[in-house]
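J.: Dropping in query03.txt, with compact mmCIF, C-alpha atoms and all ligand atoms.
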```txt
# COMPACT_ATOMS: atom_id res chain seq x y z
CA MET M 134 115.51 125.41 121.71
CA ASN M 135 115.17 121.70 120.92
CA ILE M 136 112.38 119.77 122.61
CA ALA M 137 111.48 116.08 122.71
CA VAL M 138 107.81 115.08 122.74
CA LEU M 139 107.25 111.46 123.71
CA GLY M 140 104.68 109.08 125.13
CA ALA M 141 104.39 108.80 128.92
CA GLN M 142 102.03 105.79 128.91
CA TRP M 143 101.45 102.79 126.59
CA GLY M 144 101.29 104.75 123.33
CA ASP M 145 98.30 106.42 121.66
CA GLU M 146 98.55 109.35 124.07
CA GLY M 147 97.85 111.95 121.39
CA LYS M 148 101.45 112.76 120.49
CA GLY M 149 100.49 113.52 116.88
CA LYS M 150 98.22 116.35 117.92
CA ILE M 151 100.75 117.84 120.34
CA VAL M 152 103.63 117.62 117.85
CA ASP M 153 101.45 119.19 115.16
CA LEU M 154 100.39 121.96 117.54
CA LEU M 155 103.95 122.81 118.59
CA THR M 156 105.50 122.47 115.12
CA PRO M 157 105.27 126.19 114.19
CA ASN M 158 107.79 126.86 116.99
CA PHE M 159 110.42 124.70 115.27
CA SER M 160 112.27 124.42 112.00
CA ILE M 161 112.75 120.63 111.97
CA VAL M 162 110.77 117.65 113.30
CA GLY M 163 112.60 114.32 113.63
CA ARG M 164 111.28 110.81 114.29
CA TYR M 165 113.84 108.71 116.15
CA GLN M 166 112.38 105.19 116.50
CA GLY M 167 109.56 102.84 115.59
CA GLY M 168 108.07 102.53 112.16
CA HIS M 169 104.62 102.42 110.63
CA ASN M 170 103.32 100.67 113.75
CA ALA M 171 102.77 104.25 114.94
CA GLY M 172 99.55 106.02 114.03
CA HIS M 173 99.72 109.71 114.82
CA THR M 174 96.31 111.21 114.26
CA VAL M 175 96.24 114.88 113.33
CA TYR M 176 93.19 116.96 112.41
CA ALA M 177 94.25 119.81 110.16
CA ASN M 178 92.60 121.90 107.45
CA GLY M 179 89.29 120.20 108.20
CA ARG M 180 90.71 116.76 107.51
CA LYS M 181 91.89 113.79 109.52
CA PHE M 182 95.39 112.51 108.78
CA VAL M 183 96.90 109.37 110.30
CA LEU M 184 100.68 109.71 110.02
CA ARG M 185 102.63 106.52 110.46
CA LEU M 186 106.18 107.11 109.31
CA LEU M 187 106.21 110.73 108.29
CA PRO M 188 106.89 113.04 111.23
CA SER M 189 103.76 114.89 112.34
CA GLY M 190 105.32 118.23 111.29
CA ILE M 191 104.87 117.33 107.62
CA LEU M 192 101.51 119.09 107.39
CA HIS M 193 103.18 122.48 107.93
CA ASP M 194 104.80 124.26 104.98
CA GLY M 195 108.48 125.01 105.35
CA ILE M 196 109.16 122.44 108.09
CA THR M 197 111.87 119.88 107.39
CA CYS M 198 110.96 116.37 108.52
CA VAL M 199 113.60 113.83 109.37
CA ILE M 200 113.36 110.05 109.64
CA GLY M 201 116.28 108.98 111.80
CA ASN M 202 118.49 105.91 111.74
CA GLY M 203 116.54 104.50 114.71
CA VAL M 204 113.38 104.20 112.61
CA VAL M 205 112.60 101.08 110.57
CA VAL M 206 111.29 102.02 107.13
CA ASP M 207 108.89 100.01 105.00
CA PRO M 208 109.31 101.67 101.59
CA GLN M 209 105.83 100.68 100.39
CA ALA M 210 104.22 102.09 103.53
CA LEU M 211 106.27 105.26 103.21
CA PHE M 212 105.29 105.84 99.58
CA ALA M 213 101.62 105.14 100.29
CA GLU M 214 101.71 107.74 103.04
CA ILE M 215 103.52 110.30 100.89
CA ASP M 216 100.91 109.77 98.14
CA GLU M 217 98.13 110.20 100.67
CA VAL M 218 99.33 113.51 102.11
CA GLU M 219 100.30 114.84 98.68
CA SER M 220 96.86 114.05 97.33
CA ALA M 221 95.51 116.24 100.14
CA GLY M 222 97.62 119.14 98.83
CA VAL M 223 100.63 118.81 101.17
CA LYS M 224 103.86 119.44 99.28
CA ILE M 225 106.82 117.39 100.44
CA GLY M 226 109.50 118.27 97.87
CA ASP M 227 112.83 118.54 99.64
CA ARG M 228 111.29 118.81 103.12
CA LEU M 229 111.94 115.12 103.85
CA ILE M 230 115.26 113.63 104.92
CA ILE M 231 115.72 109.91 105.49
CA SER M 232 118.76 108.52 107.25
CA ASP M 233 121.03 106.34 105.13
CA LYS M 234 121.48 104.26 108.29
CA ALA M 235 117.78 103.52 108.86
CA HIS M 236 116.96 99.83 108.48
CA LEU M 237 114.40 98.60 105.99
CA ILE M 238 111.36 96.47 106.66
CA LEU M 239 111.31 93.87 103.90
CA PRO M 240 108.42 91.63 102.82
CA TYR M 241 109.77 88.66 104.80
CA HIS M 242 109.73 90.72 108.00
CA ARG M 243 105.98 91.07 107.72
CA GLU M 244 105.66 87.28 107.21
CA LEU M 245 107.93 86.60 110.17
CA ASP M 246 105.95 88.93 112.43
CA LEU M 247 102.76 86.95 111.77
CA LEU M 248 104.53 83.63 112.14
CA SER M 249 106.22 84.56 115.37
CA GLU M 250 102.91 85.68 116.88
CA ALA M 251 101.21 82.46 115.76
CA ARG M 252 104.01 80.39 117.28
CA ARG M 253 103.82 82.21 120.60
CA GLY M 254 100.15 81.18 120.92
CA GLU M 255 98.84 82.22 124.35
CA ARG M 256 102.00 84.26 124.94
CA LYS M 257 101.53 86.40 121.84
CA ILE M 258 102.48 90.08 122.11
CA GLY M 259 99.60 91.40 120.04
CA THR M 260 101.91 93.20 117.61
CA THR M 261 100.71 95.47 114.83
CA SER M 262 101.92 92.80 112.30
CA ARG M 263 103.92 95.38 110.39
CA GLY M 264 107.22 93.48 110.56
CA ILE M 265 108.66 95.89 113.11
CA GLY M 266 110.14 93.34 115.53
CA PRO M 267 111.74 91.10 112.86
CA ALA M 268 113.32 94.16 111.17
CA TYR M 269 114.89 95.25 114.46
CA GLU M 270 115.96 91.62 115.08
CA ASP M 271 117.90 91.66 111.80
CA LYS M 272 119.44 95.01 112.73
CA ILE M 273 120.74 93.68 116.05
CA ALA M 274 121.86 90.42 114.42
CA ARG M 275 123.87 92.57 111.97
CA ARG M 276 122.24 91.16 108.87
CA GLY M 277 119.78 93.99 108.24
CA VAL M 278 119.48 96.02 105.05
CA ARG M 279 119.92 99.77 105.51
CA VAL M 280 118.52 102.52 103.31
CA GLY M 281 122.06 103.44 102.20
CA ASP M 282 122.68 99.87 101.01
CA LEU M 283 120.22 100.52 98.19
CA ALA M 284 122.85 102.68 96.52
CA ASN M 285 124.84 99.53 95.73
CA MET M 286 122.43 97.02 94.21
CA ASP M 287 125.12 94.48 93.24
CA ALA M 288 126.44 94.09 96.76
CA LEU M 289 122.89 94.11 98.09
CA ALA M 290 121.71 91.31 95.79
CA SER M 291 123.84 88.63 97.42
CA ALA M 292 122.88 89.77 100.94
CA VAL M 293 119.18 89.71 100.04
CA GLN M 294 119.56 86.29 98.40
CA HIS M 295 121.18 84.94 101.55
CA ASN M 296 118.53 86.53 103.83
CA VAL M 297 115.57 85.34 101.74
CA ALA M 298 116.96 81.78 101.60
CA ALA M 299 117.44 81.78 105.37
CA ARG M 300 113.90 83.13 105.93
CA ASN M 301 112.43 80.56 103.55
CA ARG M 302 114.01 77.82 105.65
CA ILE M 303 112.19 79.24 108.70
CA ILE M 304 108.91 79.58 106.80
CA PRO M 305 108.75 76.47 104.61
CA GLU M 306 105.44 77.51 103.06
CA SER M 307 106.90 80.86 101.98
CA THR M 308 107.20 81.45 98.28
CA MET M 309 109.28 84.59 98.69
CA ASP M 310 111.66 85.15 95.85
CA ALA M 311 114.90 87.16 96.20
CA GLY M 312 114.53 88.49 92.67
CA GLN M 313 111.13 89.96 93.50
CA VAL M 314 112.45 91.55 96.67
CA MET M 315 115.34 93.10 94.72
CA GLU M 316 112.94 94.45 92.13
CA GLU M 317 110.92 96.13 94.87
CA LEU M 318 114.10 97.58 96.37
CA ARG M 319 115.32 98.88 93.02
CA LYS M 320 112.06 100.79 92.56
CA ALA M 321 112.18 101.98 96.15
CA TRP M 322 115.65 103.45 95.67
CA GLU M 323 114.60 105.28 92.50
CA ARG M 324 111.94 107.13 94.43
CA MET M 325 113.67 107.44 97.79
CA SER M 326 117.23 108.39 96.90
CA PRO M 327 116.73 112.18 96.63
CA TRP M 328 115.68 112.23 100.29
CA VAL M 329 118.49 110.08 101.68
CA ALA M 330 121.25 111.77 103.68
CA ASP M 331 123.48 111.61 106.74
CA VAL M 332 120.92 112.73 109.31
CA SER M 333 123.35 113.23 112.19
CA LEU M 334 125.44 115.57 110.04
CA PHE M 335 122.36 117.38 108.76
CA LEU M 336 121.12 117.97 112.30
CA ALA M 337 124.56 119.10 113.55
CA ARG M 338 124.76 121.68 110.75
CA ALA M 339 121.17 122.74 111.30
CA ARG M 340 121.83 123.32 114.99
CA ALA M 341 125.00 125.26 114.19
CA ALA M 342 122.90 127.45 111.89
CA GLY M 343 120.48 128.14 114.73
CA ARG M 344 117.61 125.95 113.51
CA SER M 345 115.45 124.40 116.22
CA ILE M 346 114.38 120.77 116.33
CA MET M 347 111.47 118.86 117.81
CA PHE M 348 112.18 115.19 118.48
CA GLU M 349 109.02 113.16 117.98
CA GLY M 350 108.64 109.88 119.84
CA ALA M 351 106.39 107.01 118.80
CA GLN M 352 104.68 104.40 121.03
CA GLY M 353 105.29 105.18 124.71
CA THR M 354 107.52 104.73 127.75
CA LEU M 355 105.79 101.54 128.91
CA LEU M 356 106.24 100.02 125.44
CA ASP M 357 110.00 100.74 125.40
CA ILE M 358 112.10 97.63 124.70
CA ASP M 359 114.24 98.22 127.81
CA HIS M 360 112.10 100.28 130.17
CA GLY M 361 108.65 99.02 129.23
CA THR M 362 106.59 96.06 130.41
CA TYR M 363 108.90 93.51 128.77
CA PRO M 364 108.25 91.25 126.88
CA TYR M 365 104.95 93.00 126.04
CA VAL M 366 106.67 95.92 124.37
CA THR M 367 107.70 97.18 120.98
CA SER M 368 111.25 96.62 119.70
CA SER M 369 112.74 100.10 120.00
CA ASN M 370 113.62 102.74 122.59
CA ALA M 371 110.62 105.02 122.77
CA THR M 372 112.15 106.75 125.82
CA ILE M 373 114.46 109.74 125.78
CA GLY M 374 117.69 107.80 125.13
CA GLY M 375 116.26 106.85 121.75
CA VAL M 376 116.60 110.47 120.61
CA CYS M 377 120.40 110.32 120.79
CA THR M 378 120.84 106.84 119.35
CA GLY M 379 118.06 107.21 116.80
CA LEU M 380 119.11 110.52 115.28
CA GLY M 381 122.81 110.78 116.10
CA VAL M 382 122.46 113.87 118.28
CA PRO M 383 124.26 114.44 121.61
CA PRO M 384 122.26 114.56 124.89
CA ARG M 385 123.04 118.26 125.28
CA ALA M 386 121.07 118.93 122.10
CA ILE M 387 117.88 118.21 124.08
CA ASP M 388 116.77 121.30 125.97
CA GLY M 389 113.45 120.02 127.28
CA VAL M 390 111.21 116.97 127.37
CA VAL M 391 107.42 116.91 127.21
CA GLY M 392 105.62 113.68 128.07
CA VAL M 393 102.21 113.20 126.54
CA ALA M 394 99.66 111.39 128.73
CA LYS M 395 95.93 110.90 128.46
CA ALA M 396 93.74 111.94 131.39
CA TYR M 397 93.07 108.19 131.72
CA THR M 398 94.99 105.12 130.46
CA THR M 399 94.79 102.92 127.38
CA ARG M 400 96.74 100.04 125.96
CA VAL M 401 96.41 98.03 122.76
CA GLY M 402 97.82 94.51 122.50
CA GLU M 403 98.66 92.11 125.31
CA GLY M 404 100.43 92.72 128.61
CA ALA M 405 99.64 93.98 132.10
CA LEU M 406 97.46 97.05 132.56
CA PRO M 407 96.84 97.44 136.29
CA THR M 408 94.03 100.01 136.03
CA GLU M 409 92.14 98.25 133.23
CA LEU M 410 88.34 98.54 133.43
CA THR M 411 86.61 95.63 131.75
CA GLY M 412 83.00 96.53 132.56
CA GLU M 413 80.68 99.37 131.66
CA MET M 414 83.13 102.13 132.58
CA GLY M 415 85.78 100.64 130.28
CA ASN M 416 83.24 100.58 127.43
CA ARG M 417 82.24 104.14 128.15
CA LEU M 418 85.84 105.40 127.99
CA ARG M 419 86.41 103.43 124.77
CA GLU M 420 83.28 104.77 123.08
CA THR M 421 83.60 108.36 124.25
CA GLY M 422 87.33 108.47 123.61
CA GLN M 423 87.02 106.61 120.29
CA GLU M 424 89.67 104.24 121.55
CA PHE M 425 90.25 102.08 118.52
CA GLY M 426 93.76 101.61 117.08
CA ALA M 427 94.66 104.22 114.45
CA VAL M 428 96.72 101.60 112.58
CA THR M 429 94.98 98.28 113.21
CA GLY M 430 91.48 99.39 114.26
CA ARG M 431 91.74 97.12 117.32
CA PRO M 432 89.70 98.23 120.37
CA ARG M 433 92.01 99.69 123.00
CA ARG M 434 91.85 98.50 126.60
CA CYS M 435 90.87 101.43 128.83
CA GLY M 436 91.37 102.25 132.49
CA TRP M 437 91.79 104.97 135.08
CA TYR M 438 94.83 107.23 135.17
CA ASP M 439 97.81 105.25 136.42
CA ALA M 440 99.98 107.78 138.25
CA VAL M 441 102.55 105.09 139.15
CA ALA M 442 103.17 104.50 135.44
CA VAL M 443 103.31 108.21 134.57
CA ARG M 444 105.59 108.96 137.53
CA TYR M 445 107.87 106.24 136.18
CA ALA M 446 107.84 107.96 132.77
CA VAL M 447 108.74 111.24 134.49
CA ARG M 448 111.78 109.58 136.05
CA VAL M 449 113.03 107.60 133.04
CA ASN M 450 112.68 110.52 130.62
CA GLY M 451 113.37 113.45 132.94
CA LEU M 452 110.08 115.03 131.89
CA ASP M 453 109.85 118.79 132.35
CA ALA M 454 106.14 118.88 131.71
CA LEU M 455 103.15 116.83 130.72
CA ALA M 456 100.75 117.44 127.89
CA LEU M 457 97.51 116.04 129.31
CA THR M 458 95.19 114.94 126.52
CA LYS M 459 91.55 113.91 126.17
CA LEU M 460 90.40 115.59 129.36
CA ASP M 461 86.99 116.03 127.71
CA VAL M 462 86.49 112.25 127.56
CA LEU M 463 85.98 112.35 131.34
CA ASP M 464 83.18 114.94 131.07
CA GLY M 465 79.99 113.95 132.86
CA LEU M 466 81.45 111.26 135.13
CA SER M 467 80.34 111.61 138.73
CA GLU M 468 83.61 110.28 140.17
CA LEU M 469 87.14 109.72 138.93
CA GLN M 470 89.80 107.38 140.23
CA ILE M 471 93.54 107.93 140.20
CA CYS M 472 95.84 104.98 140.83
CA THR M 473 98.45 106.24 143.29
CA SER M 474 100.18 102.94 144.14
CA TYR M 475 99.89 99.19 143.57
CA ARG M 476 99.10 96.42 146.03
CA CYS M 477 101.14 93.36 145.19
CA HIS M 478 100.90 90.18 147.31
CA GLY M 479 99.98 92.33 150.31
CA THR M 480 102.79 94.86 149.82
CA ILE M 481 102.22 98.44 148.70
CA LEU M 482 104.44 99.46 145.79
CA THR M 483 104.85 103.11 144.87
CA GLU M 484 107.30 102.37 142.04
CA MET M 485 106.73 100.44 138.83
CA PRO M 486 108.01 96.86 139.21
CA GLY M 487 110.45 95.77 136.50
CA ASP M 488 109.11 92.24 136.32
CA HIS M 489 106.04 91.68 134.19
CA ALA M 490 104.75 88.76 136.28
CA GLN M 491 104.90 90.97 139.36
CA LEU M 492 103.13 93.81 137.57
CA SER M 493 100.42 91.39 136.44
CA ALA M 494 99.82 90.48 140.08
CA CYS M 495 99.45 94.14 141.09
CA GLU M 496 96.13 95.69 141.99
CA PRO M 497 95.63 99.43 141.78
CA VAL M 498 95.19 101.47 144.95
CA TYR M 499 92.85 104.30 144.08
CA GLU M 500 92.14 107.77 145.30
CA THR M 501 88.65 109.04 144.39
CA LEU M 502 87.98 112.56 143.18
CA PRO M 503 84.70 114.21 142.21
CA GLY M 504 83.96 114.47 138.50
CA TRP M 505 82.44 117.45 136.71
CA ASP M 506 79.09 118.13 135.03
CA ALA M 507 79.91 121.09 132.80
CA PRO M 508 81.70 120.03 129.61
CA THR M 509 85.40 120.75 129.15
CA ALA M 510 85.21 119.84 125.45
CA GLY M 511 86.64 122.62 123.32
CA ILE M 512 87.66 124.85 126.26
CA ARG M 513 90.76 126.89 125.36
CA ARG M 514 91.37 128.84 128.58
CA PHE M 515 92.41 127.12 131.79
CA GLU M 516 90.29 129.47 133.92
CA GLU M 517 87.17 128.31 132.10
CA LEU M 518 87.54 124.66 133.13
CA PRO M 519 85.13 123.41 135.82
CA ARG M 520 86.61 123.64 139.31
CA GLU M 521 86.62 119.85 139.69
CA ALA M 522 88.59 119.48 136.46
CA THR M 523 91.30 121.88 137.62
CA ALA M 524 91.38 120.04 140.97
CA TYR M 525 91.82 116.74 139.10
CA ILE M 526 94.70 118.18 137.05
CA ALA M 527 96.29 119.70 140.18
CA ARG M 528 96.18 116.31 141.90
CA LEU M 529 97.79 114.58 138.91
CA GLU M 530 100.53 117.21 138.93
CA GLU M 531 101.08 116.71 142.65
CA ILE M 532 101.36 112.92 142.38
CA THR M 533 103.50 112.82 139.24
CA GLY M 534 105.67 115.78 140.26
CA VAL M 535 105.48 117.65 136.96
CA PRO M 536 103.23 120.43 135.69
CA ALA M 537 100.56 119.76 133.09
CA ALA M 538 101.75 122.64 130.94
CA ILE M 539 99.49 121.69 128.04
CA VAL M 540 95.91 120.45 128.37
CA SER M 541 93.99 119.15 125.36
CA THR M 542 90.20 119.31 125.32
CA GLY M 543 89.38 118.05 121.84
CA SER M 544 90.84 116.59 118.68
CA LYS M 545 91.27 119.91 116.83
CA ARG M 546 94.58 121.77 116.99
CA GLU M 547 92.80 124.77 118.51
CA ASP M 548 91.17 122.82 121.35
CA THR M 549 94.23 123.11 123.50
CA ILE M 550 95.33 125.10 126.53
CA ILE M 551 98.98 126.14 126.84
CA ARG M 552 99.04 127.26 130.45
CA ALA M 553 100.31 130.72 131.24
CA HIS M 554 103.67 130.83 133.04
CA SER M 555 104.27 127.11 132.39
CA VAL M 556 107.52 125.81 130.90
CA ALA M 557 105.71 125.38 127.60
CA ALA M 558 104.64 129.04 127.63
CA LYS M 559 108.21 130.03 128.47
CA TRP M 560 109.70 127.88 125.69
CA PHE M 561 107.25 129.14 123.12
CA GLY M 562 107.14 132.77 124.19
CA ARG M 563 103.49 132.83 125.26
CA ASN M 564 103.73 134.41 128.73
P1 LIG L 1 104.95 96.03 117.38
O1 LIG L 1 105.52 97.37 117.62
O2 LIG L 1 104.08 95.96 116.15
O3 LIG L 1 105.98 94.94 117.41
O4 LIG L 1 103.94 95.70 118.59
C1 LIG L 1 104.40 95.48 119.92
C2 LIG L 1 103.43 96.04 120.94
O5 LIG L 1 103.44 97.47 120.87
C3 LIG L 1 101.98 95.62 120.73
O6 LIG L 1 101.35 95.54 121.98
C4 LIG L 1 101.38 96.80 119.95
O7 LIG L 1 99.99 96.90 120.12
C5 LIG L 1 102.11 97.95 120.62
N1 LIG L 1 102.25 99.13 119.75
C6 LIG L 1 103.09 99.29 118.71
N2 LIG L 1 102.96 100.50 118.17
C7 LIG L 1 102.01 101.13 118.88
C8 LIG L 1 101.46 102.44 118.83
O8 LIG L 1 101.82 103.27 118.01
N3 LIG L 1 100.50 102.72 119.76
C9 LIG L 1 100.13 101.82 120.71
N4 LIG L 1 100.62 100.60 120.80
C10 LIG L 1 101.57 100.25 119.90
```
What is this structure when it is put down as structure tokens?
Ligand code: IMP
T.:
Amino acid sequence: MNIAVLGAQWGDEGKGKIVDLLTPNFSIVGRYQGGHNAGHTVYANGRKFVLRLLPSGILHDGITCVIGNGVVVDPQALFAEIDEVESAGVKIGDRLIISDKAHLILPYHRELDLLSEARRGERKIGTTSRGIGPAYEDKIARRGVRVGDLANMDALASAVQHNVAARNRIIPESTMDAGQVMEELRKAWERMSPWVADVSLFLARARAAGRSIMFEGAQGTLLDIDHGTYPYVTSSNATIGGVCTGLGVPPRAIDGVVGVAKAYTTRVGEGALPTELTGEMGNRLRETGQEFGAVTGRPRRCGWYDAVAVRYAVRVNGLDALALTKLDVLDGLSELQICTSYRCHGTILTEMPGDHAQLSACEPVYETLPGWDAPTAGIRRFEELPREATAYIARLEEITGVPAAIVSTGSKREDTIIRAHSVAAKWFGRN
């Protein structure tokens, strides 16, 4: 059984926790897109880990973790993360496999990210400044450097020289030196080479041997380069298609898809967010939910649950189930709002518009539900949730058309409900 776990909103949905929780049911966890712009927070063994590039299965002994060709890899960021988890006692050894076809983020990509944002001025995206977009730009322009290229330093040297010279023409104040970049890459290869392999072949053989795989998404559906709120998106396919292109696996290798969504909505960076709450309620969600970027520390914009957006994620990804996270953040609110449609220039829209200007002009149409007094924090049995909380979940399921098979009530692995008789219980043998 191979399952994809991906974001059904604008990222930061709590995918790290869900992937970590489900990992013991699998043999392999594979990341298929994004880079160290992701920040998957996992609380394990009494510690907080923020995983950026390493798949969230890395904290479990015996699990193989794969970084697919669709990921962009910053070697320095990767090594820093490996050092961090190893210093906490996690052994990586031969449990990591990096695709020879994954593209590298090089020092000039980070410079270009900052420059491009500065040049956009008012129209800036609000990127994580990690060089993600420029690395994907080079990939598409067919001048990128792939992990496998590091095996042939002589051929690489002239390509890097050419690329650095071209970048220095774009950034006149840059003092980047091709020799320095090559030195960094030489060191990177020394450390990285034992982990580099043909990921598609590895996964095909693993499947033939009966090993199961979890495909781990980063960012979220509404940040997808094609299906998100373009141009305020990341530069990769965070949606289900990214699994096939980003790991070299066929569509039939995916047996199920879980979308992770918060019980409310957040977004970090620029771009439309129809249910955004700028006043006291927004502050309350941010403080209670600790909504500050795991990578950049930026405060996240918060709002009510946008069922139009999640329903869109259900359609684009063919979600079988939702993992609903951070339900406990809503504890103690007297009323909750669910956005069921948008009002745009006097017209009611029940589907996500493709045009960002149109989405920006949309106002949410809300349905109001009663909140709950008794805390849900830490509850591990669905029957123990307050009646109003189960009614809220039932209404979200009705509007989005998929079951909330997993409900998370706290940051710890254990603070999670896998609902009896749900698809998740069926997949993981818990009925
Ligand atoms: P980039 O991926 O750094 O190019 O940033 C593009 C947009 O995606 C910005 O709005 C970022 O804030 C957002 N973004 C990128 N990665 C994440 C993530 O892991 N969680 C939430 N937002 C993200």
J.: Name each residue within 8 Å of ligand LIG 1 (chain L), counting only C-alpha atoms and all ligand atoms, as a ChimeraX atom specification.
T.: /M:143-145,167-173,246,258-266,351-353,356,365-368,400-404,426,428
J.: Go through M:Leu336, M:Leu245, M:Val183, M:Leu154 and flag the residue nearest Ala427 in chain M, using all atoms listed in the file for the distances.
T.: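 Between M:Leu336, M:Leu245, M:Val183, M:Leu154, the residue approaching Ala427 in chain M most closely is M:Val183.
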J.: Find, counting all atoms listed in the file, the residue in M:Lys459, M:Arg253, M:Arg228, M:Arg520 that gets nearest to Ile161 in chain M.
T.: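 Closest candidate: M:Arg228.
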J.: Check the smallest atom-to-atom distance from each of M:Glu409, M:Glu217, M:Glu270, M:Glu516 to Arg552 in chain M using only C-alpha atoms, then report the winner.
T.: M:Glu516
J.: Out of M:Val205, M:Val376, M:Val390, M:Val199, which residue has the shortest atom-to-atom distance to Val329 in chain M when counting all atoms listed in the file?
T.: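 Closest residue, counting all atoms listed in the file: M:Val199.
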J.: Compile a residue-level contact table for range 411-470 of chain M against range 480-483 of chain M at a cut-off of 10 Å, reporting for every qualifying residue the shortest atom pair and its distance in Å to one decimal, with all atoms listed in the file counted, rows ordered by chain and ascending number, as a tab-separated table.
T.:
```
residue	atom	partner	partner_atom	distance
M:Ala440	CA	M:Thr483	CA	9.5
M:Val441	CA	M:Thr483	CA	6.5
M:Ala442	CA	M:Thr483	CA	9.7
M:Arg444	CA	M:Thr483	CA	9.4
M:Tyr445	CA	M:Thr483	CA	9.7
```
